[in-house]
Structure formats: C-alpha cells, structure tokens
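Q: See entry21.tsv below, with TSV, C-alpha atoms and all ligand atoms.
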chain	number	residue	atom	x	y	z
A	61	MET	CA	-4.70	14.59	-10.51
A	62	ALA	CA	-7.12	11.70	-10.96
A	63	GLU	CA	-6.95	9.74	-14.16
A	64	SER	CA	-10.07	10.38	-16.19
A	65	SER	CA	-10.31	6.62	-16.82
A	66	SER	CA	-10.78	6.16	-13.05
A	67	TYR	CA	-14.19	7.79	-13.03
A	68	PRO	CA	-17.21	5.56	-13.34
A	69	SER	CA	-17.93	4.81	-16.97
A	70	GLY	CA	-21.44	4.28	-18.32
A	71	GLU	CA	-20.98	0.57	-17.80
A	72	ILE	CA	-20.09	1.06	-14.15
A	73	SER	CA	-22.83	3.53	-13.36
A	74	GLN	CA	-25.39	1.11	-14.83
A	75	SER	CA	-24.12	-1.75	-12.69
A	76	PRO	CA	-26.11	-2.69	-9.56
A	77	VAL	CA	-25.06	-1.11	-6.28
A	78	ILE	CA	-23.89	-3.46	-3.53
A	79	THR	CA	-24.03	-2.72	0.18
A	80	VAL	CA	-20.78	-3.46	1.97
A	81	VAL	CA	-20.85	-3.29	5.75
A	82	ALA	CA	-17.51	-2.66	7.43
A	83	ILE	CA	-17.18	-3.76	11.04
A	84	GLU	CA	-13.93	-3.57	12.95
A	85	ASP	CA	-13.92	-6.56	15.31
A	86	GLY	CA	-17.24	-5.40	16.73
A	87	LEU	CA	-15.58	-2.33	18.23
A	88	ASP	CA	-17.10	0.38	16.10
A	89	GLU	CA	-20.55	1.04	14.81
A	90	PRO	CA	-20.90	-0.79	11.50
A	91	LYS	CA	-20.68	1.55	8.53
A	92	SER	CA	-22.34	0.87	5.20
A	93	PHE	CA	-20.84	1.68	1.80
A	94	TYR	CA	-22.81	1.58	-1.43
A	95	ILE	CA	-20.59	0.54	-4.32
A	96	HIS	CA	-21.18	-0.41	-7.93
A	97	GLN	CA	-20.85	-4.15	-8.37
A	98	SER	CA	-18.71	-4.02	-11.52
A	99	LEU	CA	-16.06	-1.92	-9.73
A	100	LEU	CA	-15.85	-4.39	-6.86
A	101	ARG	CA	-15.63	-7.32	-9.24
A	102	ASN	CA	-12.97	-5.75	-11.43
A	103	LYS	CA	-10.68	-4.53	-8.66
A	104	SER	CA	-11.00	-7.16	-5.91
A	105	ARG	CA	-10.92	-10.94	-6.25
A	106	TYR	CA	-12.24	-11.15	-2.68
A	107	PHE	CA	-15.45	-9.36	-3.68
A	108	SER	CA	-15.63	-11.14	-7.01
A	109	LYS	CA	-15.68	-14.48	-5.18
A	110	ALA	CA	-18.08	-13.19	-2.51
A	111	LEU	CA	-20.52	-11.99	-5.18
A	112	ASP	CA	-20.27	-15.30	-7.05
A	113	SER	CA	-21.06	-17.22	-3.88
A	114	CYS	CA	-24.42	-15.51	-3.45
A	115	GLN	CA	-25.67	-15.84	-7.03
A	116	ASN	CA	-29.22	-16.62	-5.97
A	117	ALA	CA	-29.77	-13.25	-4.35
A	118	THR	CA	-31.05	-10.45	-6.51
A	119	PRO	CA	-28.19	-8.14	-7.52
A	120	GLU	CA	-29.46	-5.28	-5.39
A	121	SER	CA	-29.90	-7.35	-2.26
A	122	HIS	CA	-26.29	-8.34	-1.68
A	123	VAL	CA	-24.96	-7.30	1.66
A	124	ILE	CA	-21.34	-8.29	2.20
A	125	THR	CA	-19.97	-7.93	5.69
A	126	THR	CA	-16.26	-7.38	6.16
A	127	THR	CA	-14.18	-7.08	9.31
A	128	PHE	CA	-12.22	-4.06	8.12
A	129	ALA	CA	-12.18	-0.72	9.84
A	130	ASP	CA	-14.39	1.81	8.10
A	131	TRP	CA	-11.57	4.37	7.78
A	132	GLN	CA	-9.49	1.77	5.89
A	133	PHE	CA	-12.37	0.80	3.71
A	134	GLN	CA	-13.08	4.44	2.90
A	135	TYR	CA	-9.61	4.69	1.30
A	136	PHE	CA	-10.41	1.64	-0.84
A	137	VAL	CA	-13.74	3.10	-1.93
A	138	ASN	CA	-12.16	6.48	-2.75
A	139	TRP	CA	-9.52	4.71	-4.80
A	140	LEU	CA	-12.17	2.69	-6.65
A	141	TYR	CA	-14.05	5.80	-7.69
A	142	TYR	CA	-11.45	8.53	-7.91
A	143	GLY	CA	-8.18	6.78	-8.67
A	144	GLU	CA	-4.82	6.60	-6.97
A	145	SER	CA	-4.25	10.33	-6.57
A	146	ARG	CA	-7.31	11.13	-4.51
A	147	ASP	CA	-5.77	10.31	-1.10
A	148	SER	CA	-2.12	10.50	-2.05
A	149	SER	CA	-1.34	13.24	0.46
A	150	ASN	CA	-3.82	12.17	3.14
A	151	VAL	CA	-2.45	8.82	4.27
A	152	VAL	CA	-0.08	8.99	7.23
A	153	CYS	CA	2.67	6.49	8.14
A	154	TRP	CA	0.83	4.59	10.85
A	155	GLU	CA	-2.00	3.78	8.45
A	156	PHE	CA	0.10	1.92	5.88
A	157	CYS	CA	0.36	-1.43	7.68
A	158	GLY	CA	-3.42	-1.64	8.06
A	159	LEU	CA	-4.08	-0.51	4.50
A	160	TRP	CA	-1.66	-3.06	3.11
A	161	GLY	CA	-3.43	-5.75	5.15
A	162	LEU	CA	-6.77	-4.61	3.74
A	163	ALA	CA	-5.48	-4.69	0.15
A	164	THR	CA	-4.05	-8.18	0.72
A	165	GLU	CA	-7.32	-9.52	2.11
A	166	LEU	CA	-9.29	-7.92	-0.69
A	167	GLU	CA	-6.89	-9.52	-3.21
A	168	ALA	CA	-6.62	-6.15	-4.87
A	169	PRO	CA	-3.10	-5.83	-6.36
A	170	LEU	CA	-3.86	-2.56	-8.12
A	171	PHE	CA	-4.90	-1.06	-4.79
A	172	GLN	CA	-1.60	-2.31	-3.33
A	173	ASN	CA	0.22	-0.51	-6.12
A	174	ALA	CA	-1.63	2.70	-5.27
A	175	ILE	CA	-0.62	2.28	-1.60
A	176	VAL	CA	3.06	2.08	-2.58
A	177	ASP	CA	2.60	5.19	-4.72
A	178	TRP	CA	1.13	7.00	-1.70
A	179	CYS	CA	4.05	5.84	0.43
A	180	GLN	CA	6.46	7.42	-2.06
A	181	GLY	CA	4.93	10.79	-1.22
A	182	LEU	CA	5.74	10.54	2.49
A	183	LYS	CA	8.34	12.74	4.10
A	184	PHE	CA	11.37	10.86	5.44
A	185	ASP	CA	11.00	11.33	9.19
A	186	LYS	CA	10.85	9.37	12.42
A	187	CYS	CA	7.43	8.00	11.54
A	188	PHE	CA	8.74	6.71	8.20
A	189	ILE	CA	11.64	4.97	9.94
A	190	HIS	CA	9.10	3.36	12.28
A	191	MET	CA	7.58	1.66	9.23
A	192	PHE	CA	10.96	0.01	8.60
A	193	TYR	CA	10.35	-2.29	11.52
A	194	ASP	CA	6.56	-2.35	11.24
A	195	PHE	CA	7.16	-4.12	7.93
A	196	ASP	CA	9.98	-6.28	9.21
A	197	ASP	CA	7.70	-8.81	10.85
A	198	GLY	CA	7.93	-11.89	8.65
A	199	ASN	CA	4.46	-11.21	7.18
A	200	HIS	CA	5.18	-8.07	5.23
A	201	ASP	CA	8.90	-8.19	4.56
A	202	ARG	CA	8.57	-9.74	1.10
A	203	THR	CA	6.03	-7.23	-0.11
A	204	LYS	CA	6.74	-4.48	-2.62
A	205	LEU	CA	5.86	-1.89	0.00
A	206	ALA	CA	8.50	-3.31	2.36
A	207	THR	CA	11.01	-3.29	-0.50
A	208	TYR	CA	10.28	0.37	-1.13
A	209	ILE	CA	10.60	1.28	2.56
A	210	ARG	CA	13.95	-0.57	2.88
A	211	ASN	CA	15.32	0.97	-0.31
A	212	LYS	CA	14.30	4.44	0.86
A	213	VAL	CA	15.97	4.00	4.25
A	214	GLY	CA	19.17	2.71	2.58
A	215	TYR	CA	19.14	5.61	0.15
A	216	GLU	CA	18.67	8.23	2.90
A	217	ILE	CA	21.59	6.87	4.95
A	218	VAL	CA	23.97	6.68	1.99
A	219	ALA	CA	22.89	9.96	0.39
A	220	HIS	CA	22.69	12.07	3.58
A	221	GLY	CA	24.81	10.20	6.13
A	222	TRP	CA	24.38	8.26	9.34
A	223	THR	CA	24.38	11.36	11.55
A	224	ARG	CA	21.32	12.78	9.86
A	225	PHE	CA	19.62	9.38	9.93
A	226	ILE	CA	20.24	8.91	13.66
A	227	GLU	CA	19.02	12.46	14.37
A	228	THR	CA	15.90	11.80	12.31
A	229	ALA	CA	15.27	8.47	14.04
A	230	GLU	CA	15.52	10.12	17.49
A	231	SER	CA	14.60	7.53	20.15
A	232	LEU	CA	13.94	4.90	17.49
A	233	TRP	CA	17.66	4.54	16.94
A	234	GLU	CA	17.95	3.04	20.40
A	235	ASP	CA	15.09	0.68	19.60
A	236	ILE	CA	16.70	-0.42	16.34
A	237	THR	CA	19.95	-1.29	18.07
A	238	ARG	CA	18.26	-3.14	20.92
A	239	THR	CA	17.86	-6.89	20.70
A	240	SER	CA	14.11	-6.65	21.32
A	241	PHE	CA	13.66	-5.74	17.65
A	242	LEU	CA	14.81	-9.01	16.25
A	243	HIS	CA	13.64	-10.32	12.95
A	244	PRO	CA	13.43	-14.11	12.97
A	245	GLY	CA	17.01	-15.05	12.32
A	246	LEU	CA	18.37	-11.62	11.53
A	247	PRO	CA	18.62	-8.55	13.77
A	248	LEU	CA	17.04	-5.43	12.41
A	249	LEU	CA	20.29	-3.52	12.50
A	250	LEU	CA	21.90	-6.10	10.21
A	251	ARG	CA	19.02	-5.76	7.79
A	252	LEU	CA	19.50	-2.03	7.87
A	253	MET	CA	23.20	-2.45	7.15
A	254	ALA	CA	22.38	-4.76	4.23
A	255	GLU	CA	20.26	-2.00	2.69
A	256	VAL	CA	23.07	0.47	3.18
A	257	ASP	CA	25.45	-1.92	1.40
A	258	ILE	CA	23.10	-2.14	-1.56
A	259	ALA	CA	22.76	1.64	-1.74
A	260	THR	CA	26.53	2.07	-1.38
A	261	GLU	CA	27.14	-0.29	-4.31
A	262	LEU	CA	24.64	1.69	-6.39
A	263	LEU	CA	26.44	4.90	-5.46
A	264	LYS	CA	29.71	3.44	-6.79
A	265	THR	CA	28.12	2.90	-10.15
A	266	VAL	CA	26.43	6.33	-10.06
A	267	LYS	CA	23.04	4.68	-10.26
A	268	LEU	CA	21.87	5.70	-6.80
A	269	SER	CA	18.65	7.63	-7.04
A	270	ASP	CA	15.94	8.51	-4.57
A	271	PRO	CA	13.37	5.66	-4.64
A	272	ALA	CA	10.71	8.29	-3.94
A	273	GLU	CA	11.41	9.73	-7.39
A	274	THR	CA	10.79	6.43	-9.17
A	275	LYS	CA	7.79	6.92	-11.41
A	276	ASP	CA	7.65	3.59	-13.19
A	277	CYS	CA	6.23	0.23	-12.05
A	278	SER	CA	9.35	-0.90	-10.11
A	279	PHE	CA	7.41	-1.18	-6.86
A	280	HIS	CA	4.21	-2.48	-8.44
A	281	THR	CA	2.87	-5.99	-8.82
A	282	HIS	CA	1.20	-6.61	-12.16
A	283	THR	CA	-0.15	-9.30	-14.34
A	284	ASP	CA	0.31	-8.85	-18.08
A	285	GLU	CA	-3.34	-7.90	-18.24
A	286	ASP	CA	-3.67	-5.44	-15.36
A	287	LYS	CA	-0.47	-3.53	-16.10
A	288	LYS	CA	-2.26	-2.06	-19.09
A	289	GLN	CA	-4.60	-0.36	-16.62
A	290	CYS	CA	-1.72	1.24	-14.67
A	291	PRO	CA	-1.23	4.96	-15.38
A	292	ARG	CA	2.51	4.59	-14.66
A	293	TYR	CA	2.91	1.71	-17.07
A	294	LYS	CA	1.09	3.67	-19.74
A	295	SER	CA	3.30	6.72	-19.25
A	296	SER	CA	6.54	4.68	-19.31
A	297	GLU	CA	5.74	2.90	-22.57
B	1	ZN	ZN	2.27	-0.05	-12.46
Produce structure tokens that represent the structure in this file.
A:
Amino acid sequence: MAESSSYPSGEISQSPVITVVAIEDGLDEPKSFYIHQSLLRNKSRYFSKALDSCQNATPESHVITTTFADWQFQYFVNWLYYGESRDSSNVVCWEFCGLWGLATELEAPLFQNAIVDWCQGLKFDKCFIHMFYDFDDGNHDRTKLATYIRNKVGYEIVAHGWTRFIETAESLWEDITRTSFLHPGLPLLLRLMAEVDIATELLKTVKLSDPAETKDCSFHTHTDEDKKQCPRYKSSE
C-alpha cells in the first residue's frame, strides 16, 4: 500500500522535469529518466548539490549523468514517485548490496530506510544468508541494513536451531567456516557466534522477537526533521 503522501503533490507536478542519464560503467546503453526537480532535491543531497552546481542552465535543460545501473536507478525513481511499498516484494537478495551503494552515493537516507524495509520482507533462505557476508566487508558492516541482516541471522539460529540454519545455508555453511571468508581482524564465524550470543541473551529475558516483524524505526536512520516524513515513525507515535 503506497502512502498517499508519496504521490506527487501539486507543488511537485509543477516543478521542472530533469533528465537523468544512468550509465553503468559504459557497459549498457544509457537510459534516460525524466524526474521532477523538487523530488530529486528533497530526497537526495547528491542531486540537490548537482542541481545547485549548474544554476546557470535553464531548469529544463539539466542533464545529470550518473554511473548507476538503470535497473538500480529505476527502483529509486519508483520509490520517489510511489513510496516505499511499490517494490517491496520485487527486490531480490542479490540486488541489496548494489541498491544500498546507490542510496549511499545519492545521499538519500530515506531511500536507505525503504531498502531496509524491503529487506525485512525477504524469506530467510540461502540467498539471505549470503547477504550476511556480502555485508561483512568493512564498507557495509556498520550500516543499518547490515545490522538488520546480522540480527535476523542471530534470531533464526536461536529461535529455530543450528541444524535448521546449516540446512538452510547448504554449501554456504562450508564457506562460512572456511578461512577465506575473513573479516579484517575477525573471522566471519566468530561474528556469527557474536550475533547468536546477543540473541541468546535476549531469549533469556524473553525479549527475543523476529527482527522481520519490527515495524518501528529501529533500523532506520533519521534526522529530527526527516523522521516526520517516515510512515513508520508516524504510526508509532
Ligand atoms: Zn523511520
């Protein structure tokens, strides 16, 4: 269900339309997107700065070239116009790393929050477990999305047992236990065990709950100002 406030308001629909050209390292044919300027400015500091830097152009003549893949950018555009629910069931595990990178480069924290919300809808399977080490690379491990993924893995092991986890991981279990998957300074298996310890402690205090069921802003990043725009924040007030 898209939030009605996510649809273009009169102010947005009267704002000039900007052409954004997405090019993925010169590999694909460039794809053009036509987006209202006020949406780009409000939801992405990257575009806000880019638009400021070409003030002498007429509003309609801006063409901003990005190096993002068009399929990634399409998710961003859908989110801009239709809100966080539009693609909630469409994104698959292997796309999350790239989408998070896009949201980081666009300096779009509200889009990052939507990505975590989408991740909460994923089934816990081998592909999900793969994200555990996709996000354990020193670049992503401090992000809210990585926190969610780690918490979910810890919860699944404690709530449903190691046997089920190892069966779900299939061949990945061997990878996790091999030394080739080393985090700088800390083997992946130890990080996994640390998450299990946290979940076990929560279980002792009967506070263990499925992170996928969390419907507040626990895995969001907000400023005081932008949290007022978050549908979850509004509903938890
Ligand atoms: Zn929020």
Q: Using all atoms listed in the file, can you tell me which of A:Ser113, A:Gln172, A:Gln180, A:Gln132 comes closest to ligand ZN 1 (chain B)?
A: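 With all atoms listed in the file as the atom set, the closest residue is A:Gln172.
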Q: Please identify all polymer residues within 12 Å of Cys187 (chain A), counting all atoms listed in the file, omitting same-chain residues fewer than 4 positions from it, and present them as a compact mmCIF listing (two decimals) with C-alpha atoms, keeping the file's coordinate frame.
A:
# COMPACT_ATOMS: atom_id res chain seq x y z
CA VAL A 152 -0.08 8.99 7.23
CA CYS A 153 2.67 6.49 8.14
CA TRP A 154 0.83 4.59 10.85
CA GLU A 155 -2.00 3.78 8.45
CA PHE A 156 0.10 1.92 5.88
CA CYS A 179 4.05 5.84 0.43
CA LEU A 182 5.74 10.54 2.49
CA LYS A 183 8.34 12.74 4.10
CA MET A 191 7.58 1.66 9.23
CA PHE A 192 10.96 0.01 8.60
CA TYR A 193 10.35 -2.29 11.52
CA ASP A 194 6.56 -2.35 11.24
CA ILE A 209 10.60 1.28 2.56
CA VAL A 213 15.97 4.00 4.25
CA THR A 228 15.90 11.80 12.31
CA ALA A 229 15.27 8.47 14.04
CA GLU A 230 15.52 10.12 17.49
CA SER A 231 14.60 7.53 20.15
CA LEU A 232 13.94 4.90 17.49
Q: For Asp257 (chain A), find every residue with an atom within 10 Å (counting only C-alpha atoms), except residues of its own chain fewer than 4 positions away, and show them as a ChimeraX atom specification.
A: /A:214-215,218,251-253,261-263
Q: What would the file look like if the residues just selected were written as a PDB file, keeping the file's coordinate frame with C-alpha atoms?
A:
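Output below, filename result_17.pdb:
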ATOM      1  CA  GLY A 214      19.170   2.710   2.580  1.00  0.00           C
ATOM      2  CA  TYR A 215      19.140   5.610   0.150  1.00  0.00           C
ATOM      3  CA  VAL A 218      23.970   6.680   1.990  1.00  0.00           C
ATOM      4  CA  ARG A 251      19.020  -5.760   7.790  1.00  0.00           C
ATOM      5  CA  LEU A 252      19.500  -2.030   7.870  1.00  0.00           C
ATOM      6  CA  MET A 253      23.200  -2.450   7.150  1.00  0.00           C
ATOM      7  CA  GLU A 261      27.140  -0.290  -4.310  1.00  0.00           C
ATOM      8  CA  LEU A 262      24.640   1.690  -6.390  1.00  0.00           C
ATOM      9  CA  LEU A 263      26.440   4.900  -5.460  1.00  0.00           C
TER      10      LEU A 263
END
Q: Could you tell me how far CA of Val151 (chain A) sits from CA of Val123 (chain A), in Å to one decimal place?
A: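 Distance reported for this atom pair: 27.8 Å.
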Q: List as a list in words the protein and nucleic acid residues near Asp130 (chain A), meaning an atom at most 10 Å away when all atoms listed in the file are counted, but skip any in the same chain fewer than 3 places from it.
A: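 So the residues in contact are Val81, Ala82, Ile83, Glu84, Asp88, Glu89, Pro90, Lys91, Ser92, Phe93, Thr126, Thr127, Phe133, Gln134, Tyr135 and Phe136 of chain A.
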Q: What does the distance from CA of Leu205 (chain A) to CA of Val176 (chain A) come to in Å, to one decimal?
A: 5.5 Å
Q: Let me make sure I understand: among A:Ala259, A:Ala254, A:Leu159, A:Leu170, which one has the smallest atom-to-atom distance to ligand ZN 1 (chain B) if we use only C-alpha atoms and all ligand atoms?
A: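 Smallest distance to ligand ZN 1 (chain B) is found for A:Leu170.
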Q: Would you list the residues near (-5.3, 10.2, -2.7), meaning any protein, DNA or RNA residue with an atom at most 12 Å from that point in file coordinates, counting all atoms listed in the file, as a count of residues only?
A: 30
Q: Hey, can I get the axis-aligned box for region 173-177 of chain A? All listed atoms, 3 Å padding on each side, centre and edge lengths in Å to one decimal, as lines of an AutoDock Vina configuration file.
A:
center_x = 0.7
center_y = 2.3
center_z = -3.9
size_x = 10.7
size_y = 11.7
size_z = 10.5
Q: Which is closer to Asp235 (chain A) than all the others in A:Ala163, A:His190, A:Thr125, A:Lys267, using all atoms listed in the file?
A: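 Looking only at the distances to Asp235 (chain A), the closest residue turns out to be A:His190.
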Q: Could you work out how far CA of Cys277 (chain A) lies from CA of Gly158 (chain A), giving the answer in Å with one decimal?
A: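 So the answer is 22.4 Å.
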Q: For a quick check of understanding, using only C-alpha atoms and all ligand atoms, which of A:Pro169, A:Ala206, A:Asn211, A:Lys264 has the smallest distance to ligand ZN 1 (chain B)?
A: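 Nearest candidate to ligand ZN 1 (chain B) out of A:Pro169, A:Ala206, A:Asn211, A:Lys264: A:Pro169.
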Q: For ligand ZN 1 (chain B), collect every residue having any atom at a distance of at most 10 Å from a ligand atom (counting all atoms listed in the file); output as a list in words.
A: Pro169, Leu170, Asn173, Ala174, Asp177, Lys275, Asp276, Cys277, Ser278, Phe279, His280, Thr281, His282, Thr283, Asp286, Lys287, Lys288, Gln289, Cys290, Pro291, Arg292, Tyr293, Lys294, Ser295 and Ser296 of chain A
Q: Within 12 Å of Arg101 (chain A), counting all atoms listed in the file, which residues qualify if same-chain residues fewer than 2 places away don't, as a PDB file with C-alpha atoms, keeping the file's coordinate frame?
A:
ATOM      1  CA  ILE A  72     -20.090   1.060 -14.150  1.00  0.00           C
ATOM      2  CA  SER A  75     -24.120  -1.750 -12.690  1.00  0.00           C
ATOM      3  CA  PRO A  76     -26.110  -2.690  -9.560  1.00  0.00           C
ATOM      4  CA  VAL A  77     -25.060  -1.110  -6.280  1.00  0.00           C
ATOM      5  CA  ILE A  78     -23.890  -3.460  -3.530  1.00  0.00           C
ATOM      6  CA  ILE A  95     -20.590   0.540  -4.320  1.00  0.00           C
ATOM      7  CA  HIS A  96     -21.180  -0.410  -7.930  1.00  0.00           C
ATOM      8  CA  GLN A  97     -20.850  -4.150  -8.370  1.00  0.00           C
ATOM      9  CA  SER A  98     -18.710  -4.020 -11.520  1.00  0.00           C
ATOM     10  CA  LEU A  99     -16.060  -1.920  -9.730  1.00  0.00           C
ATOM     11  CA  LYS A 103     -10.680  -4.530  -8.660  1.00  0.00           C
ATOM     12  CA  SER A 104     -11.000  -7.160  -5.910  1.00  0.00           C
ATOM     13  CA  ARG A 105     -10.920 -10.940  -6.250  1.00  0.00           C
ATOM     14  CA  TYR A 106     -12.240 -11.150  -2.680  1.00  0.00           C
ATOM     15  CA  PHE A 107     -15.450  -9.360  -3.680  1.00  0.00           C
ATOM     16  CA  SER A 108     -15.630 -11.140  -7.010  1.00  0.00           C
ATOM     17  CA  LYS A 109     -15.680 -14.480  -5.180  1.00  0.00           C
ATOM     18  CA  ALA A 110     -18.080 -13.190  -2.510  1.00  0.00           C
ATOM     19  CA  LEU A 111     -20.520 -11.990  -5.180  1.00  0.00           C
ATOM     20  CA  ASP A 112     -20.270 -15.300  -7.050  1.00  0.00           C
ATOM     21  CA  LEU A 140     -12.170   2.690  -6.650  1.00  0.00           C
ATOM     22  CA  LEU A 166      -9.290  -7.920  -0.690  1.00  0.00           C
ATOM     23  CA  GLU A 167      -6.890  -9.520  -3.210  1.00  0.00           C
ATOM     24  CA  ALA A 168      -6.620  -6.150  -4.870  1.00  0.00           C
TER      25      ALA A 168
END
